[in-house]
Amino acid sequence: MLGQGDLLREYEIQSVIGRGGFGVVYKGKHQELGIDVAIKEYFPPELSVRQKQTIQPSNPELQESFEDGLNRFLDEAKQLEKFRDHPNIVTCRDLFRANGTAYMVMDYIFGLPLSTLLEQRESQSEPFTEQDLLSLIPPLLNGLRAVHEQGVCHRDIKPSNILVRRSDGVPVLIDFGAAKHEISKQTKSFAPYTDGYAAMEQVGEGRIGPWTDIYGLGAVMWRVVAGGNPPFTPPNPLPVQKRAFEMMQGQSDPLPSASEIGKDQFSAQILRAIDNCLTINVNERTKSCGELLDALNSSVELPMQTNLTEQADHVEDELVRAKREKVKGRIGLVMFGVAAVIALVAWISSPSQRAKRACAEAIELRARYGFEWERPKFNNVRRDGREIILSGRNIRMQNGFGAYSRMYYTCTYDLDFPLPSVDIVDPND
């Protein structure tokens with residue numbers, strides 16, 4: 001593997017993020033811009049070896065297979081570039097050949113894999129709720145629909161291939177499987193899919209299409225539901241071939257239905273939508289992202305918008321108080337939407353109220369949704385013409401992933417009107 005400090009054009013390697021059947025993913029930094037990136041290197045260990053920094057086929061007989069996989073790798077990058085502006089698809093920023101192979105440069109996503117997030121929440125006896133599920137799946141479906149419209153399938157949807165950004169809680173699909181599929185043709189030890197999340201047409205014979213990704217996403221939803229009532233440990237869905245084999249023997253499906261394991265925590269309509277995604281027979285399965293979105297939308301009124309409205313109204317009532325007690329709480333994925341609604345409410349209000357709410361919002365997000373104060377007051381509050389800047393040091397933040405971090409936190413508000421006199425209240429007073 002490449003080592004820390006090695007250079008790839010204008011990118012400096014910092015560390016290894018992960019490795020797999022297709023190659024290695026590094027964390028890098030653009031030397032001139034100073035931005036972090038993820039760099040994916042095509043280096044299939046079943047087909048190639050590294051001589052110093054150069055990658056080459058293990059033997060001449062594997063040359064064609066190596067080149068075929070490389071071409072798939074390059075095609076994957078070109079496909080991802082089409083979704084440059086989509087918030088739920090990992091973005092390819094650069095692509096080049098070097099060291100006998102190719103490198104794909106992507107945005108570095110500072111976040112947690114959904115698999116890790118689920119495990120953390122469940123270890124704290126706080127499994128995902130229906131609201132959490134409905135905040136996660138529709139954005140992923142929007143991303144998948146854009147991918148499918150370009151004739152592309154992901155092929156390996158699973159919790160570890162979904163990153164949840166720390167900054168806004170938005171889920172992002174990573175690690176598309178085109179190159180892995182090509183590599184798998186040449187080796188028996190590497191499968192281009194993950195058992196439990198792969199449909200029958202992937203592990204056997206059949207036509208791959210959007211319905212294949214729907215099965216994978218259905219398995220992800222099943223995993224979310226199972227976390228609150230695990231039928232087995234770990235609560236991962238069973239391989240489709242095991243399900244098919246036992247059913248062919250006249251036995252019942254060994255995979256408990258979502259309707260069975262989630263009946264006390266999730267609505268029946270949502271659970272039926274999940275079960276329809278996990279049907280082994282393609283002809284009986286949900287066929288497209290649009291169909292699944294319709295099922296989710298028609299099953300229940302999505303709670304995110306309703307809850308945001310309720311929380312925004314409650315926050316608005318409290319923001320204008322002169323004094324208040326310090327409030328502690330957990331910052332959830334829904335917090336980020338709360339900020340957006342608050343901003344909208346502030347924008348349509350009078351200038352005076354907008355300024356007050358803009359000032360108070362930073363305090364609210366700090367004090368109300370899980371921030372713990374380590375110093376009694378803000379370090380500074382500054383008014384500069386049409387701008388308010390609130391900042392503070394050494395805030396200990398309990399974020400939506402249950403982890404703690406120390407940070408320097410600044411809120412800046414650009415306003416389109418002169419600032420009136422505003423009283424800024426510290427919740428510790």
# chains A, B, ... in the order shown; residues from 1 in each chain; ligands from 1
call {"tool": "residues_around", "arguments": {"residues": "Asp75 (chain A)", "least_positions_apart": "3", "cutoff": "12 Å", "atoms": "only C-alpha atoms", "output": "PyMOL selection string"}}
result
chain A and resi 68-72+78-82+92+95+102-104+152+176-179+182
call {"tool": "residues_around", "arguments": {"residues": "Ser115 (chain A)", "least_positions_apart": "3", "cutoff": "7 Å", "atoms": "only C-alpha atoms", "output": "list in words"}}
result
Leu118, Glu119, Pro159 and Ser160 of chain A
call {"tool": "closest_residue", "arguments": {"among": "A:Val164, A:Ile13, A:Ile39, A:Leu217", "to": "Val25 (chain A)", "atoms": "only C-alpha atoms"}}
result
A:Ile39
call {"tool": "select_by_dssp", "arguments": {"residues": "region 78-304 of chain A", "states": "strand (DSSP E)", "output": "NGL selection string"}}
result
:A and (92-98 or 101-107 or 111-113 or 162-165 or 171-173)
call {"tool": "closest_residue", "arguments": {"among": "A:Val90, A:Thr233, A:Thr101, A:Val225", "to": "Ile162 (chain A)", "atoms": "only C-alpha atoms"}}
result
A:Val90
call {"tool": "atom_distance", "arguments": {"atom1": "CA of Cys277 (chain A)", "atom2": "CA of Leu117 (chain A)"}}
result
22.8 Å
call {"tool": "closest_residue", "arguments": {"among": "A:Asp168, A:Val16, A:Pro87, A:Met1", "to": "Val49 (chain A)", "atoms": "only C-alpha atoms"}}
result
A:Met1
call {"tool": "closest_residue", "arguments": {"among": "A:Asn281, A:Ser298, A:Asn142, A:Gln14", "to": "Asn88 (chain A)", "atoms": "only C-alpha atoms"}}
result
A:Asn142
call {"tool": "residues_around", "arguments": {"residues": "Ile17 (chain A)", "least_positions_apart": "4", "cutoff": "8 Å", "atoms": "only C-alpha atoms", "output": "ChimeraX atom specification"}}
result
/A:24-27
call {"tool": "write_last_selection", "arguments": {"atoms": "N, CA, C and O atoms", "output": "tab-separated table (two decimals), in the first residue's frame"}}
result
chain	number	residue	atom	x	y	z
A	24	VAL	N	-7.79	-0.38	-2.51
A	24	VAL	CA	-7.55	0.35	-1.26
A	24	VAL	C	-8.17	1.74	-1.37
A	24	VAL	O	-8.17	2.36	-2.44
A	25	VAL	N	-8.68	2.24	-0.23
A	25	VAL	CA	-9.15	3.62	-0.15
A	25	VAL	C	-8.28	4.36	0.85
A	25	VAL	O	-8.09	3.91	1.99
A	26	TYR	N	-7.72	5.49	0.42
A	26	TYR	CA	-6.86	6.31	1.27
A	26	TYR	C	-7.56	7.63	1.60
A	26	TYR	O	-8.39	8.13	0.84
A	27	LYS	N	-7.16	8.18	2.73
A	27	LYS	CA	-7.48	9.57	3.00
A	27	LYS	C	-6.30	10.40	2.51
A	27	LYS	O	-5.14	10.07	2.81
call {"tool": "closest_residue", "arguments": {"among": "A:Val172, A:Gln53, A:Trp222, A:Ile157", "to": "Ser259 (chain A)", "atoms": "only C-alpha atoms"}}
result
A:Trp222
call {"tool": "select_by_dssp", "arguments": {"residues": "region 13-246 of chain A", "states": "helix (DSSP H, G or I)", "output": "PyMOL selection string"}}
result
chain A and resi 60-81+114-123+130-149+159-161+178-184+200-203+210-226+240-246
call {"tool": "closest_residue", "arguments": {"among": "A:Gly28, A:Pro256, A:Gly216, A:Gly206", "to": "Asn229 (chain A)", "atoms": "only C-alpha atoms"}}
result
A:Pro256
call {"tool": "atom_distance", "arguments": {"atom1": "CA of Val170 (chain A)", "atom2": "CA of Val282 (chain A)"}}
result
29.8 Å
call {"tool": "atom_distance", "arguments": {"atom1": "CA of Val37 (chain A)", "atom2": "CA of Gly143 (chain A)"}}
result
21.0 Å
